[in-house]
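The file coords14.pdb contains PDB, C-alpha atoms, pLDDT in the B column:
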```pdb
ATOM      1  CA  MET A   1     110.815  12.918 131.602  1.00 89.00           C
ATOM      2  CA  LEU A   2     112.198  11.747 134.943  1.00 93.00           C
ATOM      3  CA  THR A   3     111.252   8.538 136.733  1.00 93.00           C
ATOM      4  CA  THR A   4     112.249   7.693 140.288  1.00 94.00           C
ATOM      5  CA  GLU A   5     112.980   4.195 141.558  1.00 95.00           C
ATOM      6  CA  ARG A   6     113.752   2.764 144.946  1.00 97.00           C
ATOM      7  CA  VAL A   7     116.882   0.636 144.601  1.00 97.00           C
ATOM      8  CA  THR A   8     116.013  -3.028 145.155  1.00 97.00           C
ATOM      9  CA  THR A   9     118.564  -4.867 143.009  1.00 96.00           C
ATOM     10  CA  PRO A  10     122.368  -5.101 142.885  1.00 96.00           C
ATOM     11  CA  ALA A  11     122.238  -3.766 139.310  1.00 95.00           C
ATOM     12  CA  GLN A  12     120.423  -0.593 140.432  1.00 96.00           C
ATOM     13  CA  LEU A  13     122.900  -0.098 143.287  1.00 97.00           C
ATOM     14  CA  GLU A  14     125.740  -0.471 140.790  1.00 97.00           C
ATOM     15  CA  GLU A  15     124.140   2.254 138.635  1.00 97.00           C
ATOM     16  CA  ALA A  16     123.889   4.521 141.692  1.00 98.00           C
ATOM     17  CA  HIS A  17     127.545   3.883 142.546  1.00 97.00           C
ATOM     18  CA  THR A  18     128.614   4.546 138.944  1.00 97.00           C
ATOM     19  CA  LEU A  19     126.950   7.971 139.016  1.00 98.00           C
ATOM     20  CA  ARG A  20     128.400   8.802 142.436  1.00 97.00           C
ATOM     21  CA  LEU A  21     131.893   7.877 141.247  1.00 97.00           C
ATOM     22  CA  GLU A  22     131.409  10.046 138.147  1.00 97.00           C
ATOM     23  CA  VAL A  23     130.303  13.061 140.206  1.00 97.00           C
ATOM     24  CA  PHE A  24     132.184  12.798 143.487  1.00 96.00           C
ATOM     25  CA  VAL A  25     135.408  11.032 142.483  1.00 96.00           C
ATOM     26  CA  GLY A  26     135.648  12.153 138.848  1.00 96.00           C
ATOM     27  CA  GLU A  27     134.443  15.758 139.092  1.00 96.00           C
ATOM     28  CA  GLN A  28     135.052  16.656 142.740  1.00 95.00           C
ATOM     29  CA  GLU A  29     138.142  14.524 143.358  1.00 93.00           C
ATOM     30  CA  VAL A  30     136.779  12.828 146.480  1.00 93.00           C
ATOM     31  CA  PRO A  31     139.088   9.920 147.317  1.00 91.00           C
ATOM     32  CA  LEU A  32     137.586   6.650 146.074  1.00 90.00           C
ATOM     33  CA  ALA A  33     138.119   5.065 149.499  1.00 89.00           C
ATOM     34  CA  GLU A  34     135.841   7.708 151.062  1.00 90.00           C
ATOM     35  CA  GLU A  35     133.011   7.459 148.539  1.00 94.00           C
ATOM     36  CA  ILE A  36     131.679   3.897 148.702  1.00 94.00           C
ATOM     37  CA  ASP A  37     131.369   2.802 152.322  1.00 94.00           C
ATOM     38  CA  ASP A  38     129.829   0.153 154.564  1.00 95.00           C
ATOM     39  CA  ALA A  39     126.664   2.253 154.971  1.00 96.00           C
ATOM     40  CA  ASP A  40     125.936   1.670 151.277  1.00 96.00           C
ATOM     41  CA  PHE A  41     125.319  -1.994 152.009  1.00 96.00           C
ATOM     42  CA  ALA A  42     123.653  -1.739 155.426  1.00 96.00           C
ATOM     43  CA  PRO A  43     120.108  -3.141 155.669  1.00 95.00           C
ATOM     44  CA  THR A  44     119.024   0.171 157.251  1.00 96.00           C
ATOM     45  CA  THR A  45     120.078   2.185 154.166  1.00 97.00           C
ATOM     46  CA  THR A  46     117.681   3.005 151.325  1.00 98.00           C
ATOM     47  CA  HIS A  47     118.929   4.219 147.935  1.00 98.00           C
ATOM     48  CA  VAL A  48     116.956   5.844 145.123  1.00 98.00           C
ATOM     49  CA  VAL A  49     117.818   6.522 141.503  1.00 97.00           C
ATOM     50  CA  VAL A  50     116.263   8.943 139.040  1.00 97.00           C
ATOM     51  CA  ARG A  51     116.293   8.034 135.366  1.00 96.00           C
ATOM     52  CA  ALA A  52     115.929  10.200 132.291  1.00 93.00           C
ATOM     53  CA  GLY A  53     113.264   7.939 130.844  1.00 77.00           C
ATOM     54  CA  ARG A  54     109.524   7.571 130.472  1.00 74.00           C
ATOM     55  CA  ALA A  55     109.083   4.403 132.522  1.00 70.00           C
ATOM     56  CA  PRO A  56     110.800   2.693 135.460  1.00 67.00           C
ATOM     57  CA  GLY A  57     113.926   0.916 134.269  1.00 70.00           C
ATOM     58  CA  ASP A  58     113.992   3.020 131.086  1.00 73.00           C
ATOM     59  CA  GLY A  59     116.853   5.455 130.518  1.00 89.00           C
ATOM     60  CA  ALA A  60     120.144   6.347 132.133  1.00 93.00           C
ATOM     61  CA  VAL A  61     120.479   7.076 135.840  1.00 96.00           C
ATOM     62  CA  VAL A  62     120.925  10.845 136.177  1.00 97.00           C
ATOM     63  CA  GLY A  63     120.368  11.237 139.933  1.00 98.00           C
ATOM     64  CA  THR A  64     120.845   9.257 143.123  1.00 98.00           C
ATOM     65  CA  GLY A  65     120.881   9.598 146.883  1.00 98.00           C
ATOM     66  CA  ARG A  66     120.680   7.519 150.024  1.00 98.00           C
ATOM     67  CA  LEU A  67     118.715   7.549 153.257  1.00 98.00           C
ATOM     68  CA  LEU A  68     120.527   6.399 156.383  1.00 97.00           C
ATOM     69  CA  THR A  69     118.530   5.304 159.408  1.00 96.00           C
ATOM     70  CA  ASP A  70     119.542   4.159 162.860  1.00 93.00           C
ATOM     71  CA  PRO A  71     117.072   2.191 164.990  1.00 90.00           C
ATOM     72  CA  ALA A  72     118.673   3.816 168.053  1.00 92.00           C
ATOM     73  CA  HIS A  73     117.409   7.219 166.830  1.00 94.00           C
ATOM     74  CA  PRO A  74     113.754   6.790 165.815  1.00 94.00           C
ATOM     75  CA  GLY A  75     112.208   9.728 164.003  1.00 96.00           C
ATOM     76  CA  GLU A  76     115.577  10.901 162.665  1.00 97.00           C
ATOM     77  CA  VAL A  77     117.184  10.087 159.319  1.00 98.00           C
ATOM     78  CA  HIS A  78     120.164  11.302 157.334  1.00 98.00           C
ATOM     79  CA  ILE A  79     120.177  11.973 153.595  1.00 98.00           C
ATOM     80  CA  GLY A  80     123.500  11.766 151.823  1.00 97.00           C
ATOM     81  CA  ARG A  81     125.421  11.046 148.669  1.00 97.00           C
ATOM     82  CA  VAL A  82     122.985  13.089 146.577  1.00 97.00           C
ATOM     83  CA  ALA A  83     124.482  13.239 143.096  1.00 97.00           C
ATOM     84  CA  VAL A  84     123.175  14.485 139.747  1.00 97.00           C
ATOM     85  CA  ALA A  85     124.895  13.883 136.432  1.00 97.00           C
ATOM     86  CA  ARG A  86     126.363  17.049 134.943  1.00 95.00           C
ATOM     87  CA  ARG A  87     124.084  16.746 131.879  1.00 95.00           C
ATOM     88  CA  ALA A  88     120.977  16.600 134.098  1.00 95.00           C
ATOM     89  CA  ARG A  89     121.673  19.521 136.431  1.00 94.00           C
ATOM     90  CA  GLY A  90     118.886  22.071 136.392  1.00 93.00           C
ATOM     91  CA  THR A  91     116.334  19.526 135.120  1.00 94.00           C
ATOM     92  CA  GLY A  92     114.715  18.762 138.470  1.00 96.00           C
ATOM     93  CA  ALA A  93     116.592  15.484 138.916  1.00 97.00           C
ATOM     94  CA  GLY A  94     118.078  16.579 142.254  1.00 97.00           C
ATOM     95  CA  ALA A  95     114.693  17.700 143.556  1.00 97.00           C
ATOM     96  CA  ALA A  96     113.223  14.353 142.405  1.00 97.00           C
ATOM     97  CA  VAL A  97     115.897  12.478 144.392  1.00 98.00           C
ATOM     98  CA  MET A  98     115.162  14.554 147.488  1.00 98.00           C
ATOM     99  CA  ARG A  99     111.384  14.192 147.122  1.00 97.00           C
ATOM    100  CA  ALA A 100     111.684  10.396 146.863  1.00 98.00           C
ATOM    101  CA  LEU A 101     113.945  10.161 149.909  1.00 98.00           C
ATOM    102  CA  GLU A 102     111.691  12.498 151.913  1.00 98.00           C
ATOM    103  CA  GLU A 103     108.603  10.432 151.036  1.00 97.00           C
ATOM    104  CA  ILE A 104     110.319   7.250 152.222  1.00 97.00           C
ATOM    105  CA  ALA A 105     111.534   8.979 155.391  1.00 97.00           C
ATOM    106  CA  LEU A 106     108.054  10.207 156.274  1.00 97.00           C
ATOM    107  CA  ALA A 107     106.250   6.990 155.340  1.00 96.00           C
ATOM    108  CA  GLU A 108     108.662   4.576 157.008  1.00 95.00           C
ATOM    109  CA  HIS A 109     110.586   6.425 159.723  1.00 96.00           C
ATOM    110  CA  ALA A 110     108.282   9.028 161.260  1.00 95.00           C
ATOM    111  CA  VAL A 111     107.502   8.925 164.972  1.00 96.00           C
ATOM    112  CA  GLY A 112     104.252  10.589 166.015  1.00 94.00           C
ATOM    113  CA  GLY A 113     103.714  11.703 162.424  1.00 95.00           C
ATOM    114  CA  ALA A 114     107.032  13.560 162.156  1.00 97.00           C
ATOM    115  CA  VAL A 115     110.547  12.835 160.963  1.00 98.00           C
ATOM    116  CA  ARG A 116     113.640  15.032 161.216  1.00 98.00           C
ATOM    117  CA  ILE A 117     115.887  14.840 158.160  1.00 98.00           C
ATOM    118  CA  GLU A 118     119.494  15.863 158.558  1.00 98.00           C
ATOM    119  CA  LEU A 119     122.138  16.220 155.887  1.00 98.00           C
ATOM    120  CA  SER A 120     125.606  17.522 155.283  1.00 97.00           C
ATOM    121  CA  ALA A 121     125.350  20.027 152.429  1.00 96.00           C
ATOM    122  CA  GLN A 122     128.246  21.060 150.245  1.00 96.00           C
ATOM    123  CA  THR A 123     128.358  24.842 150.649  1.00 96.00           C
ATOM    124  CA  GLN A 124     128.048  25.301 146.865  1.00 94.00           C
ATOM    125  CA  ALA A 125     124.763  23.324 147.022  1.00 95.00           C
ATOM    126  CA  SER A 126     123.304  24.962 150.136  1.00 95.00           C
ATOM    127  CA  GLY A 127     120.967  27.161 148.071  1.00 96.00           C
ATOM    128  CA  PHE A 128     119.476  24.020 146.492  1.00 97.00           C
ATOM    129  CA  TYR A 129     118.678  22.587 149.926  1.00 97.00           C
ATOM    130  CA  GLU A 130     117.338  25.900 151.219  1.00 97.00           C
ATOM    131  CA  ARG A 131     114.926  26.068 148.258  1.00 97.00           C
ATOM    132  CA  LEU A 132     113.657  22.640 149.355  1.00 97.00           C
ATOM    133  CA  GLY A 133     112.940  23.960 152.856  1.00 97.00           C
ATOM    134  CA  TYR A 134     116.097  22.905 154.683  1.00 98.00           C
ATOM    135  CA  GLU A 135     117.632  25.168 157.298  1.00 98.00           C
ATOM    136  CA  VAL A 136     121.386  25.372 156.789  1.00 97.00           C
ATOM    137  CA  TYR A 137     123.169  26.037 160.056  1.00 96.00           C
ATOM    138  CA  GLY A 138     126.448  25.846 161.947  1.00 96.00           C
ATOM    139  CA  PRO A 139     130.028  26.407 160.891  1.00 97.00           C
ATOM    140  CA  VAL A 140     131.617  25.348 157.622  1.00 97.00           C
ATOM    141  CA  TYR A 141     133.666  22.147 157.924  1.00 96.00           C
ATOM    142  CA  LEU A 142     135.665  19.987 155.567  1.00 94.00           C
ATOM    143  CA  ASP A 143     134.379  16.591 154.483  1.00 92.00           C
ATOM    144  CA  ALA A 144     136.409  14.738 151.847  1.00 90.00           C
ATOM    145  CA  GLY A 145     138.244  18.005 151.193  1.00 90.00           C
ATOM    146  CA  ILE A 146     135.026  19.911 150.360  1.00 94.00           C
ATOM    147  CA  ASP A 147     133.367  22.662 152.429  1.00 96.00           C
ATOM    148  CA  HIS A 148     130.072  21.536 154.001  1.00 97.00           C
ATOM    149  CA  ARG A 149     127.472  22.845 156.449  1.00 97.00           C
ATOM    150  CA  ASP A 150     124.793  20.936 158.312  1.00 97.00           C
ATOM    151  CA  ALA A 151     121.165  21.260 157.242  1.00 98.00           C
ATOM    152  CA  ALA A 152     117.887  19.910 158.605  1.00 98.00           C
ATOM    153  CA  LYS A 153     114.164  19.843 157.945  1.00 98.00           C
ATOM    154  CA  THR A 154     111.272  18.312 159.844  1.00 98.00           C
ATOM    155  CA  LEU A 155     108.454  16.709 157.848  1.00 97.00           C
ATOM    156  CA  ARG A 156     105.015  16.042 159.281  1.00 96.00           C
ATOM    157  CA  SER A 157     102.357  13.771 157.863  1.00 89.00           C
ATOM    158  CA  HIS A 158      99.032  15.359 157.004  1.00 78.00           C
ATOM    159  CA  GLY A 159      96.012  13.699 158.429  1.00 61.00           C
TER     160      GLY A 159
END
```
Encoding of this model in structure tokens:
Amino acid sequence: MLTTERVTTPAQLEEAHTLRLEVFVGEQEVPLAEEIDDADFAPTTTHVVVRAGRAPGDGAVVGTGRLLTDPAHPGEVHIGRVAVARRARGTGAGAAVMRALEEIALAEHAVGGAVRIELSAQTQASGFYERLGYEVYGPVYLDAGIDHRDAAKTLRSHG
């Protein structure tokens, strides 16, 4: 059972950072200095965590991601730092992270009922994003020593 929470406390943010360090620094060898950044603490950033538990606050954090917004670019958001614990891959935890971030983006950042979500996808994860409806485009580029491509999706509210 997976439960999704919007991060509202320092303790939850610490859990999100712990998972990101495990995945990105530990497994993928991203330099620590590049992983936790000022955007993590910006008031315009929203984080979510997914727990392997039956109720909010119950169970270990197995997924996380963040939503970056810029008031200078209404109707556009950026999803990043999506991480899933090795033991939870293939369980739907990554899709749960993305669904939560997309719901927040549409509910809180849409203009005229639509929001464009952009992200930088690791090439090895591009199939995951494509299955969620993202269009992967452009050349491959290095970010933190890992191949990435840009991806985007536009969500529209119904009603």
Discussion item. Applying 9 Å and only C-alpha atoms, which residues near segment 130-133 of chain A remain after dropping the ones on its own chain fewer than 5 positions away? List them as a VMD selection string.
Written reply: chain A and resid 95 98 125 151 to 153
C-alpha atoms of the current selection, written as a tab-separated table (two decimals), keeping the file's coordinate frame:
```tsv
chain	number	residue	atom	x	y	z
A	95	ALA	CA	114.69	17.70	143.56
A	98	MET	CA	115.16	14.55	147.49
A	125	ALA	CA	124.76	23.32	147.02
A	151	ALA	CA	121.16	21.26	157.24
A	152	ALA	CA	117.89	19.91	158.60
A	153	LYS	CA	114.16	19.84	157.94
```
Using all atoms listed in the file, find each residue in segment 10-51 of chain A having at least one atom no more than 7 Å away from segment 68-90 of chain A; report its shortest atom-to-atom pair and that distance in Å (one decimal), rows by chain then rising number, as CSV.
```
residue,atom,partner,partner_atom,distance
A:Leu19,CA,A:Ala85,CA,6.8
A:Arg20,CA,A:Ala83,CA,6.0
A:Val23,CA,A:Ala83,CA,6.5
A:Thr44,CA,A:Thr69,CA,5.6
A:Thr45,CA,A:Leu68,CA,4.8
A:Thr46,CA,A:Leu68,CA,6.7
```
Please put the answer as lines of an AutoDock Vina configuration file: centre and edge lengths, in Å with one decimal, of a box along x, y and z that encloses all listed atoms of segment 91-103 of chain A plus 3 Å on each side.
```
center_x = 113.3
center_y = 14.8
center_z = 143.5
size_x = 15.5
size_y = 15.4
size_z = 22.8
```
Discussion item. Quick check on the file I pasted: which residues fall under the PyMOL selection byres ((chain A and resi 49) around 6)? Write them as a ChimeraX atom specification.
Written reply: /A:4-5,48,50,63-64
Practice prompt. Identify, on the basis of all atoms listed in the file, every residue whose closest approach to Arg6 of chain A does not exceed 12 Å; exclude the query and any residue fewer than 3 positions from it along the same chain; express the result as an MDAnalysis selection string.
Written response: chainID A and resid 3 9:10 12:13 16 45:51 56:57 63:67 96:97 99:101 103:104
Worksheet entry | Coordinates-based distance that separates atom CA of Val136 of chain A from atom CA of Val111 of chain A (Å, one decimal) |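 About the pair atom CA of Val111 of chain A and atom CA of Val136 of chain A: they are 23.0 Å apart.
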Practice prompt. Let me know the residues the PyMOL selection byres ((chain A and resi 148) around 9) catches in the file above, as a ChimeraX atom specification.
Written response: /A:120-126,139-143,146-147,149-150
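Coordinates place atom CA of Ser157 of chain A at a distance of 13.6 Å from atom CA of Ile117 of chain A.
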Discussion item. Quick one: residues within 8 Å of Met1 of chain A, all atoms listed in the file, excluding same-chain residues fewer than 3 positions away - as a list in words?
Written reply: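 Returned residues: Ala52, Gly53 and Arg54 of chain A.
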Discussion item. My list of candidates is A:Gly92, A:Gly112, A:Gly127, A:Gly145. Which is closest to Phe24 of chain A when distances are computed with all atoms listed in the file?
Written reply: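 Of all the options, A:Gly145 lies closest to Phe24 of chain A.
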Worksheet item: Suppose you want the space between atom CA of Phe128 of chain A and atom CA of Thr91 of chain A; what is it in Å?
Response: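 Between atom CA of Phe128 of chain A and atom CA of Thr91 of chain A the gap works out to 12.6 Å.
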